[in-house]
$ cat start.tsv   # TSV, C-alpha atoms
chain	number	residue	atom	x	y	z
A	77	MET	CA	0.00	0.00	0.00
A	78	LYS	CA	1.14	3.52	-0.74
A	79	LEU	CA	1.24	6.06	2.06
A	80	TRP	CA	-1.68	8.11	0.72
A	81	GLN	CA	-3.72	4.91	0.48
A	82	ILE	CA	-2.97	4.10	4.13
A	83	LEU	CA	-3.98	7.59	5.23
A	84	PHE	CA	-7.13	7.35	3.09
A	85	VAL	CA	-8.14	4.02	4.65
A	86	VAL	CA	-7.44	5.37	8.15
A	87	GLY	CA	-9.56	8.39	7.27
A	88	LEU	CA	-12.43	6.18	6.15
A	89	GLY	CA	-12.16	4.25	9.41
A	90	SER	CA	-12.17	7.49	11.39
A	91	ALA	CA	-15.33	8.61	9.58
A	92	TYR	CA	-16.98	5.30	10.44
A	93	GLY	CA	-15.76	5.59	14.02
A	94	PHE	CA	-17.35	9.03	14.25
A	95	VAL	CA	-20.72	7.56	13.22
A	96	GLU	CA	-20.31	4.38	15.31
A	97	PRO	CA	-17.90	5.33	18.13
A	98	GLY	CA	-16.14	2.52	19.95
A	99	ARG	CA	-17.59	-0.23	17.76
A	100	PHE	CA	-14.22	-1.74	16.82
A	101	THR	CA	-12.18	-0.75	19.88
A	102	TYR	CA	-12.44	-4.13	21.60
A	103	ALA	CA	-12.41	-6.25	18.44
A	104	PHE	CA	-9.40	-4.44	16.98
A	105	GLY	CA	-6.82	-5.73	19.46
A	106	HIS	CA	-7.88	-9.38	19.27
A	107	ALA	CA	-8.42	-9.35	15.50
A	108	THR	CA	-4.99	-7.85	14.89
A	109	LEU	CA	-3.13	-10.23	17.18
A	110	TYR	CA	-4.92	-13.47	16.25
A	111	VAL	CA	-6.36	-12.99	12.74
A	112	PHE	CA	-4.29	-10.48	10.77
A	113	LEU	CA	-0.85	-10.67	12.39
A	114	PRO	CA	-0.07	-14.30	11.36
A	115	VAL	CA	-0.92	-13.43	7.74
A	116	LEU	CA	1.22	-10.29	7.70
A	117	LEU	CA	4.16	-11.97	9.41
A	118	PHE	CA	4.15	-15.04	7.18
A	119	GLU	CA	3.78	-13.04	3.96
A	120	ALA	CA	6.67	-10.76	4.89
A	121	ALA	CA	8.87	-13.69	5.97
A	122	TRP	CA	7.94	-15.68	2.85
A	123	ASN	CA	9.28	-12.89	0.63
A	124	LEU	CA	12.62	-12.63	2.43
A	125	ASN	CA	15.82	-14.21	1.21
A	126	TYR	CA	17.66	-16.26	3.84
A	127	ARG	CA	21.05	-15.68	2.22
A	128	ALA	CA	20.50	-11.90	2.18
A	129	ILE	CA	19.52	-12.02	5.86
A	130	ARG	CA	22.67	-13.96	6.67
A	131	ARG	CA	24.82	-11.38	4.87
A	132	LEU	CA	23.17	-8.47	6.66
A	133	TRP	CA	22.64	-10.01	10.08
A	134	ILE	CA	24.74	-7.38	11.86
A	135	PRO	CA	22.66	-4.26	11.00
A	136	ILE	CA	19.43	-6.26	11.30
A	137	GLY	CA	20.48	-7.57	14.72
A	138	ILE	CA	21.52	-4.10	15.89
A	139	LEU	CA	18.21	-2.52	14.92
A	140	ALA	CA	16.00	-5.35	16.16
A	141	GLY	CA	17.90	-6.06	19.39
A	142	PRO	CA	19.66	-3.10	21.01
A	143	GLY	CA	17.51	-0.79	18.89
A	144	VAL	CA	14.27	-2.01	20.48
A	145	LEU	CA	15.68	-1.89	24.01
A	146	LEU	CA	17.10	1.58	23.40
A	147	THR	CA	13.76	2.83	22.04
A	148	ALA	CA	11.89	1.42	25.03
A	149	LEU	CA	14.32	3.01	27.49
A	150	LEU	CA	14.30	6.40	25.74
A	151	VAL	CA	10.48	6.48	25.72
A	152	ALA	CA	10.49	5.43	29.38
A	153	GLY	CA	13.01	8.17	30.11
A	154	SER	CA	10.88	10.82	28.44
A	155	LEU	CA	7.86	9.65	30.47
A	156	SER	CA	9.88	9.81	33.67
A	157	ILE	CA	10.19	13.56	33.07
A	158	VAL	CA	6.39	13.82	33.48
A	159	ARG	CA	6.61	11.61	36.61
A	160	VAL	CA	5.32	8.31	35.18
A	161	PRO	CA	6.57	5.30	37.22
A	162	PHE	CA	9.24	3.10	35.65
A	163	GLY	CA	7.05	0.02	35.09
A	164	PRO	CA	4.22	1.64	33.07
A	165	ALA	CA	6.78	3.85	31.30
A	166	LEU	CA	8.82	0.84	30.14
A	167	LEU	CA	5.62	-0.96	29.09
A	168	THR	CA	4.75	2.05	26.94
A	169	GLY	CA	8.25	2.03	25.47
A	170	ALA	CA	7.99	-1.65	24.59
A	171	ILE	CA	4.65	-1.08	22.84
A	172	LEU	CA	5.90	1.91	20.87
A	173	SER	CA	9.03	0.02	19.75
A	174	ALA	CA	7.05	-2.03	17.21
A	175	THR	CA	7.32	-0.56	13.69
A	176	ASP	CA	5.31	-1.02	10.50
A	177	PRO	CA	7.20	-0.39	7.23
A	178	ILE	CA	4.37	-1.24	4.80
A	179	ALA	CA	4.31	2.22	3.20
A	180	VAL	CA	8.11	2.20	2.96
A	181	VAL	CA	8.08	-1.10	1.08
A	182	ALA	CA	5.52	0.33	-1.37
A	183	VAL	CA	7.85	3.26	-2.10
A	184	PHE	CA	10.80	0.85	-2.46
A	185	ARG	CA	8.92	-1.04	-5.17
A	186	ARG	CA	8.17	2.19	-7.03
A	187	LEU	CA	11.71	3.59	-6.93
A	188	LYS	CA	14.99	1.79	-7.53
A	189	VAL	CA	16.46	1.02	-4.12
A	190	PRO	CA	19.35	-1.35	-3.27
A	191	TYR	CA	18.07	-4.77	-2.24
A	192	ALA	CA	20.30	-4.70	0.84
A	193	LEU	CA	18.49	-1.61	2.15
A	194	VAL	CA	15.10	-3.22	1.45
A	195	THR	CA	16.19	-6.31	3.39
A	196	ILE	CA	17.44	-4.26	6.36
A	197	VAL	CA	14.19	-2.28	6.66
A	198	GLU	CA	11.87	-5.26	6.21
A	199	CYS	CA	13.85	-7.51	8.56
A	200	GLU	CA	14.13	-4.76	11.15
A	201	SER	CA	10.35	-4.52	11.27
A	202	LEU	CA	9.80	-8.28	11.47
A	203	PHE	CA	12.36	-9.04	14.17
A	204	ASN	CA	11.74	-5.68	15.84
A	205	ASP	CA	8.08	-6.66	16.33
A	206	ALA	CA	9.07	-10.03	17.76
A	207	VAL	CA	11.51	-8.53	20.26
A	208	ALA	CA	9.08	-5.73	21.17
A	209	VAL	CA	6.29	-8.23	21.90
A	210	ALA	CA	8.65	-10.36	23.99
A	211	LEU	CA	9.66	-7.30	26.01
A	212	TYR	CA	6.00	-6.21	26.28
A	213	ARG	CA	4.96	-9.56	27.71
A	214	GLY	CA	7.84	-9.59	30.15
A	215	VAL	CA	7.07	-6.11	31.48
A	216	LEU	CA	3.35	-6.90	31.60
A	217	VAL	CA	3.95	-10.01	33.70
A	218	ALA	CA	6.20	-8.05	36.05
A	219	LEU	CA	3.55	-5.34	36.44
A	220	ALA	CA	0.82	-7.92	37.04
A	221	LEU	CA	2.96	-9.52	39.76
A	222	GLY	CA	3.61	-6.13	41.32
A	223	THR	CA	7.38	-6.42	40.85
A	224	ALA	CA	7.97	-3.73	38.26
A	225	ARG	CA	11.58	-3.10	39.28
A	226	ALA	CA	14.42	-3.21	36.79
A	227	GLY	CA	15.78	-6.50	38.18
A	228	ALA	CA	12.42	-8.27	38.11
A	229	ILE	CA	11.67	-7.04	34.60
A	230	GLY	CA	15.11	-8.18	33.47
A	231	LEU	CA	14.46	-11.65	34.86
A	232	VAL	CA	11.11	-11.95	33.10
A	233	ALA	CA	12.65	-10.62	29.88
A	234	ALA	CA	15.32	-13.35	30.11
A	235	GLU	CA	12.55	-15.93	30.36
A	236	THR	CA	10.88	-14.51	27.26
A	237	LEU	CA	14.18	-14.97	25.42
A	238	GLY	CA	13.78	-18.70	25.95
A	239	ALA	CA	10.22	-18.49	24.64
A	240	ALA	CA	11.48	-16.68	21.54
A	241	SER	CA	14.15	-19.32	20.89
A	242	GLY	CA	11.63	-22.10	21.40
A	243	GLY	CA	9.20	-20.44	19.02
A	244	ALA	CA	11.87	-20.18	16.33
A	245	VAL	CA	12.76	-23.87	16.72
A	246	LEU	CA	9.09	-24.81	16.49
A	247	GLY	CA	8.68	-22.76	13.31
A	248	LEU	CA	11.72	-24.36	11.70
A	249	ALA	CA	10.50	-27.86	12.58
A	250	LEU	CA	7.02	-27.19	11.17
A	251	ALA	CA	8.49	-25.76	7.95
A	252	PHE	CA	10.67	-28.85	7.53
A	253	VAL	CA	7.74	-31.23	8.02
A	254	VAL	CA	5.50	-29.32	5.60
A	255	ALA	CA	8.28	-29.06	3.00
A	256	ARG	CA	8.92	-32.81	3.15
A	257	THR	CA	5.19	-33.50	2.88
A	258	LEU	CA	4.79	-31.26	-0.17
A	259	ARG	CA	7.88	-32.55	-1.93
A	260	GLY	CA	7.02	-33.25	-5.54
A	261	SER	CA	3.47	-31.93	-5.24
A	262	ARG	CA	2.19	-29.82	-8.13
A	263	ASP	CA	-1.24	-29.11	-6.67
A	264	VAL	CA	-1.36	-25.33	-6.17
A	265	ARG	CA	-4.44	-25.52	-3.95
A	266	LEU	CA	-2.70	-27.99	-1.64
A	267	GLN	CA	0.34	-25.75	-1.44
A	268	ILE	CA	-1.77	-22.69	-0.62
A	269	VAL	CA	-3.60	-24.58	2.13
A	270	ALA	CA	-0.27	-25.84	3.48
A	271	THR	CA	1.18	-22.33	3.71
A	272	ILE	CA	-1.98	-21.11	5.49
A	273	LEU	CA	-1.62	-23.95	7.97
A	274	CYS	CA	2.02	-22.96	8.46
A	275	ALA	CA	1.12	-19.31	9.16
A	276	TYR	CA	-1.61	-20.00	11.67
A	277	GLY	CA	-0.34	-23.38	12.89
A	278	ALA	CA	3.06	-22.04	13.92
A	279	TYR	CA	1.51	-19.00	15.59
A	280	PHE	CA	-1.14	-20.78	17.63
A	281	ALA	CA	0.96	-23.86	18.43
A	282	ALA	CA	3.67	-21.62	19.86
A	283	ASP	CA	1.09	-19.60	21.79
A	284	PHE	CA	-0.40	-22.81	23.23
A	285	LEU	CA	3.05	-23.93	24.36
A	286	HIS	CA	3.76	-20.48	25.87
A	287	LEU	CA	6.38	-19.76	23.22
A	288	SER	CA	6.68	-16.79	20.88
A	289	GLY	CA	4.11	-17.08	18.10
A	290	ILE	CA	5.73	-14.22	16.20
A	291	PHE	CA	9.17	-15.86	16.15
A	292	ALA	CA	7.56	-19.19	15.22
A	293	THR	CA	5.69	-17.71	12.24
A	294	ILE	CA	8.68	-15.71	11.02
A	295	ALA	CA	11.00	-18.71	11.27
A	296	CYS	CA	8.46	-20.94	9.54
A	297	GLY	CA	7.97	-18.52	6.64
A	298	ILE	CA	11.69	-17.93	6.06
A	299	ALA	CA	12.57	-21.63	6.41
A	300	LEU	CA	9.78	-22.87	4.14
A	301	ARG	CA	10.80	-20.44	1.40
A	302	PHE	CA	14.45	-21.44	1.87
A	303	PHE	CA	13.54	-25.12	1.46
A	304	GLU	CA	11.50	-24.24	-1.61
A	305	ARG	CA	14.43	-22.39	-3.17
A	306	SER	CA	17.07	-24.93	-2.18
A	307	TRP	CA	17.16	-28.64	-1.55
A	308	ILE	CA	13.50	-29.55	-1.06
A	309	THR	CA	12.63	-28.20	-4.53
A	310	LEU	CA	8.97	-27.47	-3.96
A	311	SER	CA	6.94	-26.60	-7.05
A	312	ILE	CA	5.46	-23.48	-5.53
A	313	ALA	CA	3.57	-21.75	-8.34
A	314	ASP	CA	3.13	-18.06	-8.90
A	315	ASP	CA	-0.46	-18.51	-7.72
A	316	VAL	CA	0.83	-19.10	-4.18
A	317	ASN	CA	2.80	-15.85	-4.23
A	318	ARG	CA	-0.18	-13.95	-5.61
A	319	PHE	CA	-2.41	-15.46	-2.95
A	320	TRP	CA	-0.18	-14.17	-0.16
A	321	ASP	CA	0.22	-10.76	-1.81
A	322	VAL	CA	-3.56	-10.37	-1.95
A	323	GLY	CA	-4.00	-11.78	1.56
A	324	ALA	CA	-1.49	-9.33	3.02
A	325	LEU	CA	-3.09	-6.42	1.16
A	326	LEU	CA	-6.56	-7.27	2.47
A	327	ALA	CA	-5.20	-7.73	6.01
A	328	ASN	CA	-3.47	-4.35	5.90
A	329	VAL	CA	-6.57	-2.60	4.56
A	330	LEU	CA	-8.71	-4.06	7.34
A	331	VAL	CA	-6.12	-3.29	10.02
A	332	PHE	CA	-5.74	0.37	9.03
A	333	PHE	CA	-9.52	0.77	8.65
A	334	MET	CA	-9.99	-0.57	12.17
A	335	VAL	CA	-7.19	1.72	13.39
A	336	GLY	CA	-9.18	4.69	12.15
A	337	ALA	CA	-12.48	3.32	13.48
A	338	ALA	CA	-10.98	2.73	16.93
A	339	LEU	CA	-9.32	6.16	17.04
A	340	GLN	CA	-10.90	8.52	19.58
A	341	VAL	CA	-9.33	11.92	18.95
A	342	ALA	CA	-11.06	13.64	21.87
A	343	ARG	CA	-9.49	11.25	24.38
A	344	VAL	CA	-5.94	12.08	23.32
A	345	ALA	CA	-6.34	15.54	24.84
A	346	GLN	CA	-7.06	14.02	28.26
A	347	GLU	CA	-3.38	13.13	28.84
A	348	PRO	CA	-1.49	15.74	26.79
A	349	LEU	CA	1.80	15.55	28.72
A	350	PHE	CA	1.88	11.74	28.50
A	351	VAL	CA	1.14	11.80	24.76
A	352	VAL	CA	3.64	14.56	23.95
A	353	ALA	CA	6.36	12.81	25.96
A	354	CYS	CA	5.75	9.61	23.98
A	355	ILE	CA	5.86	11.38	20.62
A	356	LEU	CA	9.10	13.17	21.51
A	357	GLY	CA	10.61	9.99	22.95
A	358	VAL	CA	9.83	8.00	19.80
A	359	GLY	CA	11.23	10.76	17.59
A	360	VAL	CA	14.49	11.01	19.52
A	361	ALA	CA	14.77	7.22	19.70
A	362	ARG	CA	14.42	6.88	15.94
A	363	VAL	CA	17.26	9.32	15.33
A	364	VAL	CA	19.47	7.59	17.91
A	365	VAL	CA	18.67	4.04	16.71
A	366	GLY	CA	19.42	4.98	13.11
A	367	GLY	CA	22.74	6.38	14.34
A	368	LEU	CA	23.72	2.91	15.56
A	369	LEU	CA	24.50	2.09	11.92
A	370	LEU	CA	26.86	5.05	11.45
A	371	PRO	CA	30.02	3.01	12.22
A	372	GLY	CA	29.06	0.56	9.47
A	373	PRO	CA	29.79	0.82	5.74
A	374	TYR	CA	26.41	2.34	4.91
A	375	PRO	CA	25.78	5.64	3.10
A	376	ARG	CA	24.23	8.45	5.13
A	377	GLU	CA	21.23	8.33	2.79
A	378	TRP	CA	20.49	4.73	3.87
A	379	ILE	CA	20.51	5.74	7.53
A	380	ASP	CA	18.09	8.58	6.77
A	381	VAL	CA	15.69	6.05	5.21
A	382	VAL	CA	15.99	3.77	8.23
A	383	ARG	CA	15.12	6.69	10.47
A	384	VAL	CA	12.01	7.79	8.57
A	385	ALA	CA	10.91	4.17	8.09
A	386	GLY	CA	10.05	3.86	11.78
A	387	MET	CA	6.30	4.31	11.41
A	388	ARG	CA	3.98	2.78	13.97
A	389	GLY	CA	0.86	0.86	12.99
A	390	GLY	CA	-1.58	-1.83	13.95
A	391	LEU	CA	0.62	-3.95	16.21
A	392	CYS	CA	1.44	-1.25	18.76
A	393	LEU	CA	-2.25	-0.29	18.90
A	394	ALA	CA	-3.29	-3.92	19.37
A	395	LEU	CA	-0.75	-4.37	22.18
A	396	ALA	CA	-1.99	-1.24	23.92
A	397	LEU	CA	-5.62	-2.35	23.70
A	398	ALA	CA	-4.67	-5.80	25.02
A	399	ILE	CA	-3.37	-4.36	28.31
A	400	PRO	CA	-5.52	-5.65	31.22
A	401	PRO	CA	-7.74	-2.96	32.82
A	402	GLN	CA	-5.98	-3.20	36.20
A	403	ILE	CA	-2.61	-2.07	34.80
A	404	PRO	CA	-1.84	1.56	35.78
A	405	TYR	CA	-1.93	4.20	33.04
A	406	ARG	CA	-3.69	1.81	30.61
A	407	GLU	CA	-5.95	4.48	29.09
A	408	ALA	CA	-3.06	6.93	28.71
A	409	ILE	CA	-0.97	4.24	26.96
A	410	VAL	CA	-3.82	3.48	24.53
A	411	ASP	CA	-4.22	7.18	23.75
A	412	ALA	CA	-0.46	7.55	23.24
A	413	ALA	CA	-0.33	4.55	20.89
A	414	PHE	CA	-3.02	6.11	18.70
A	415	ALA	CA	-1.34	9.52	18.75
A	416	VAL	CA	2.12	8.16	17.93
A	417	SER	CA	0.76	6.02	15.07
A	418	VAL	CA	-1.05	8.96	13.47
A	419	THR	CA	1.92	11.29	14.03
A	420	THR	CA	4.49	8.93	12.49
A	421	LEU	CA	2.23	8.30	9.48
A	422	ALA	CA	1.77	12.03	8.97
A	423	ALA	CA	5.52	12.69	9.36
A	424	ALA	CA	6.31	9.97	6.83
A	425	ALA	CA	4.01	11.66	4.32
A	426	PHE	CA	6.50	14.56	4.15
A	427	THR	CA	9.83	12.78	4.66
A	428	LEU	CA	9.61	9.27	3.24
A	429	VAL	CA	9.60	9.78	-0.53
A	430	PRO	CA	12.38	12.46	-0.51
A	431	ALA	CA	14.60	10.21	1.64
A	432	VAL	CA	14.08	7.18	-0.60
A	433	ARG	CA	14.56	9.31	-3.72
A	434	ARG	CA	17.95	10.47	-2.45
A	435	VAL	CA	19.01	6.83	-2.16
A	436	SER	CA	17.80	6.16	-5.69
A	437	THR	CA	19.65	9.23	-6.99
A	438	LEU	CA	22.84	8.14	-5.21
A	439	ARG	CA	22.60	4.70	-6.80
A	440	ASP	CA	22.10	6.17	-10.29
A	441	ALA	CA	25.06	8.54	-9.81
A	442	ARG	CA	27.34	5.69	-8.78
A	443	ALA	CA	26.18	3.61	-11.74
A	444	ARG	CA	27.02	6.47	-14.15
A	445	SER	CA	30.45	7.05	-12.60
A	446	ALA	CA	31.26	3.34	-12.90
A	447	ARG	CA	30.75	3.37	-16.68
$ encode --input "start.tsv" --output "structure tokens"
Amino acid sequence: MKLWQILFVVGLGSAYGFVEPGRFTYAFGHATLYVFLPVLLFEAAWNLNYRAIRRLWIPIGILAGPGVLLTALLVAGSLSIVRVPFGPALLTGAILSATDPIAVVAVFRRLKVPYALVTIVECESLFNDAVAVALYRGVLVALALGTARAGAIGLVAAETLGAASGGAVLGLALAFVVARTLRGSRDVRLQIVATILCAYGAYFAADFLHLSGIFATIACGIALRFFERSWITLSIADDVNRFWDVGALLANVLVFFMVGAALQVARVAQEPLFVVACILGVGVARVVVGGLLLPGPYPREWIDVVRVAGMRGGLCLALALAIPPQIPYREAIVDAAFAVSVTTLAAAAFTLVPAVRRVSTLRDARARSAR
């Protein structure tokens, strides 16, 4: 989806939400986490190249690991200025660490951008979401237990690391079994059904086993495509790719429509200091996280794209809405998630295309000088 299309769909949802206020607020969180998220994760993972990920694992790991933790801490630090306790502040930071690069990918496909940069941005979002959700669950458990101190949260976060590793192993195992089962099959319908089962099966099986469903789905999608491209030699037809392209498009349209429908603009003004602190914290964090790549061999134009690609979308809103009612500052966190999502989308409308165009211009200039 292009950025103007996303804003248009959000606008339609907002218009519907004005007529029917609060209709999708409850359904949005559950639908995003358990209906749309497996589709979006699997489709994105399916289109990634394992060998490219292996080549670029350092910048991807920096952005998705230390980058998420740094974002969460910077947001928590900005909230501490307005006297928000550490536990709820860190929970807010974990929620607002999840990014959504869908509009960026649409611009990438329209302009000529190096494949390495595309891989970094897409993988950052995928693994960033997984790490952010793991941190979110860890902080949420600590808050529920009433032990929201740094040491307790660190202990719970270490436990979630095991859940993430277990989820990845589960996804790899499921991909292997499905690939072996489909070996030699030329039935497109069977292959489509098998990939659907992989997307939802990995997610819900991991969730049932108290593992990371996001890591399981990502690992399953990447591994199944790797097997298809390498030694298993699946006969995956173009129809399967088109099916997932259409499925992801429909999921994104519904998610952004529900974002707009669930948006309650009047409520944002109830906690202005909290919301402003979150917006500023996310903005500063994005600049700082992008700067983590400065020591690497990457052009400044690439880092600018990484910085403006940090839009927030459906996942951070779903996580905010999924917070139990007894957690302190829940309503303020929900309002901040909506405000940050709308703000980052609006900011991207003015900065995204120019930043990507500079990368495209740099690539063309280097190609001409090499002749």
$ residues_near_point --input "start.tsv" --point "(5.9, -8.5, 21.1)" --cutoff "9 Å" --atoms "all atoms listed in the file" --output "PyMOL selection string"
chain A and resi 170-171+174+204-213+288+290+391-392+395
$ write_last_selection --input "start.tsv" --atoms "C-alpha atoms" --output "PDB file, in the coordinates of the input"
ATOM      1  CA  ALA A 170       7.990  -1.650  24.590  1.00  0.00           C
ATOM      2  CA  ILE A 171       4.650  -1.080  22.840  1.00  0.00           C
ATOM      3  CA  ALA A 174       7.050  -2.030  17.210  1.00  0.00           C
ATOM      4  CA  ASN A 204      11.740  -5.680  15.840  1.00  0.00           C
ATOM      5  CA  ASP A 205       8.080  -6.660  16.330  1.00  0.00           C
ATOM      6  CA  ALA A 206       9.070 -10.030  17.760  1.00  0.00           C
ATOM      7  CA  VAL A 207      11.510  -8.530  20.260  1.00  0.00           C
ATOM      8  CA  ALA A 208       9.080  -5.730  21.170  1.00  0.00           C
ATOM      9  CA  VAL A 209       6.290  -8.230  21.900  1.00  0.00           C
ATOM     10  CA  ALA A 210       8.650 -10.360  23.990  1.00  0.00           C
ATOM     11  CA  LEU A 211       9.660  -7.300  26.010  1.00  0.00           C
ATOM     12  CA  TYR A 212       6.000  -6.210  26.280  1.00  0.00           C
ATOM     13  CA  ARG A 213       4.960  -9.560  27.710  1.00  0.00           C
ATOM     14  CA  SER A 288       6.680 -16.790  20.880  1.00  0.00           C
ATOM     15  CA  ILE A 290       5.730 -14.220  16.200  1.00  0.00           C
ATOM     16  CA  LEU A 391       0.620  -3.950  16.210  1.00  0.00           C
ATOM     17  CA  CYS A 392       1.440  -1.250  18.760  1.00  0.00           C
ATOM     18  CA  LEU A 395      -0.750  -4.370  22.180  1.00  0.00           C
TER      19      LEU A 395
END
$ residues_around --input "start.tsv" --residues "Gly247 in chain A" --least-positions-apart "6" --cutoff "6 Å" --atoms "all atoms listed in the file" --output "ChimeraX atom specification"
/A:278,292-293,295-296
$ write_last_selection --input "start.tsv" --atoms "C-alpha atoms" --output "short mmCIF file (atom, residue, chain, number, x, y, z; two decimals), keeping the file's coordinate frame"
data_model
loop_
_atom_site.label_atom_id
_atom_site.label_comp_id
_atom_site.auth_asym_id
_atom_site.auth_seq_id
_atom_site.Cartn_x
_atom_site.Cartn_y
_atom_site.Cartn_z
CA ALA A 278 3.06 -22.04 13.92
CA ALA A 292 7.56 -19.19 15.22
CA THR A 293 5.69 -17.71 12.24
CA ALA A 295 11.00 -18.71 11.27
CA CYS A 296 8.46 -20.94 9.54
#
$ closest_residue --input "start.tsv" --among "A:Leu428, A:Leu166, A:Val418, A:Val322" --to "Val335 in chain A" --atoms "only C-alpha atoms"
A:Val418
$ build_atoms --input "start.tsv" --residues "range 387-400 of chain A" --atoms "N, CA, C and O atoms" --output "PDB file, keeping the file's coordinate frame"
ATOM      1  N   MET A 387       7.716   4.030  11.155  1.00  0.00           N
ATOM      2  CA  MET A 387       6.300   4.310  11.410  1.00  0.00           C
ATOM      3  C   MET A 387       5.701   3.276  12.345  1.00  0.00           C
ATOM      4  O   MET A 387       6.127   2.132  12.372  1.00  0.00           O
ATOM      5  N   ARG A 388       4.700   3.691  13.087  1.00  0.00           N
ATOM      6  CA  ARG A 388       3.980   2.780  13.970  1.00  0.00           C
ATOM      7  C   ARG A 388       2.612   2.483  13.361  1.00  0.00           C
ATOM      8  O   ARG A 388       2.018   3.338  12.704  1.00  0.00           O
ATOM      9  N   GLY A 389       2.123   1.254  13.602  1.00  0.00           N
ATOM     10  CA  GLY A 389       0.860   0.860  12.990  1.00  0.00           C
ATOM     11  C   GLY A 389       0.013  -0.007  13.889  1.00  0.00           C
ATOM     12  O   GLY A 389      -0.076   0.209  15.104  1.00  0.00           O
ATOM     13  N   GLY A 390      -0.578  -1.030  13.272  1.00  0.00           N
ATOM     14  CA  GLY A 390      -1.580  -1.830  13.950  1.00  0.00           C
ATOM     15  C   GLY A 390      -1.090  -2.595  15.152  1.00  0.00           C
ATOM     16  O   GLY A 390      -1.816  -2.748  16.137  1.00  0.00           O
ATOM     17  N   LEU A 391       0.157  -3.091  15.124  1.00  0.00           N
ATOM     18  CA  LEU A 391       0.620  -3.950  16.210  1.00  0.00           C
ATOM     19  C   LEU A 391       0.725  -3.183  17.528  1.00  0.00           C
ATOM     20  O   LEU A 391       0.287  -3.667  18.579  1.00  0.00           O
ATOM     21  N   CYS A 392       1.298  -1.981  17.509  1.00  0.00           N
ATOM     22  CA  CYS A 392       1.440  -1.250  18.760  1.00  0.00           C
ATOM     23  C   CYS A 392       0.066  -0.863  19.322  1.00  0.00           C
ATOM     24  O   CYS A 392      -0.146  -0.871  20.543  1.00  0.00           O
ATOM     25  N   LEU A 393      -0.890  -0.593  18.442  1.00  0.00           N
ATOM     26  CA  LEU A 393      -2.250  -0.290  18.900  1.00  0.00           C
ATOM     27  C   LEU A 393      -2.899  -1.528  19.510  1.00  0.00           C
ATOM     28  O   LEU A 393      -3.573  -1.454  20.550  1.00  0.00           O
ATOM     29  N   ALA A 394      -2.708  -2.677  18.861  1.00  0.00           N
ATOM     30  CA  ALA A 394      -3.290  -3.920  19.370  1.00  0.00           C
ATOM     31  C   ALA A 394      -2.691  -4.274  20.732  1.00  0.00           C
ATOM     32  O   ALA A 394      -3.412  -4.713  21.648  1.00  0.00           O
ATOM     33  N   LEU A 395      -1.384  -4.088  20.895  1.00  0.00           N
ATOM     34  CA  LEU A 395      -0.750  -4.370  22.180  1.00  0.00           C
ATOM     35  C   LEU A 395      -1.270  -3.453  23.271  1.00  0.00           C
ATOM     36  O   LEU A 395      -1.502  -3.879  24.413  1.00  0.00           O
ATOM     37  N   ALA A 396      -1.468  -2.185  22.927  1.00  0.00           N
ATOM     38  CA  ALA A 396      -1.990  -1.240  23.920  1.00  0.00           C
ATOM     39  C   ALA A 396      -3.406  -1.620  24.346  1.00  0.00           C
ATOM     40  O   ALA A 396      -3.737  -1.594  25.543  1.00  0.00           O
ATOM     41  N   LEU A 397      -4.238  -1.987  23.386  1.00  0.00           N
ATOM     42  CA  LEU A 397      -5.620  -2.350  23.700  1.00  0.00           C
ATOM     43  C   LEU A 397      -5.712  -3.666  24.459  1.00  0.00           C
ATOM     44  O   LEU A 397      -6.709  -3.938  25.140  1.00  0.00           O
ATOM     45  N   ALA A 398      -4.662  -4.498  24.334  1.00  0.00           N
ATOM     46  CA  ALA A 398      -4.670  -5.800  25.020  1.00  0.00           C
ATOM     47  C   ALA A 398      -4.201  -5.706  26.475  1.00  0.00           C
ATOM     48  O   ALA A 398      -4.220  -6.708  27.184  1.00  0.00           O
ATOM     49  N   ILE A 399      -3.804  -4.529  26.927  1.00  0.00           N
ATOM     50  CA  ILE A 399      -3.370  -4.360  28.310  1.00  0.00           C
ATOM     51  C   ILE A 399      -4.563  -4.593  29.250  1.00  0.00           C
ATOM     52  O   ILE A 399      -5.639  -4.025  29.032  1.00  0.00           O
ATOM     53  N   PRO A 400      -4.417  -5.417  30.267  1.00  0.00           N
ATOM     54  CA  PRO A 400      -5.520  -5.650  31.220  1.00  0.00           C
ATOM     55  C   PRO A 400      -5.950  -4.342  31.897  1.00  0.00           C
ATOM     56  O   PRO A 400      -5.126  -3.441  32.104  1.00  0.00           O
TER      57      PRO A 400
END
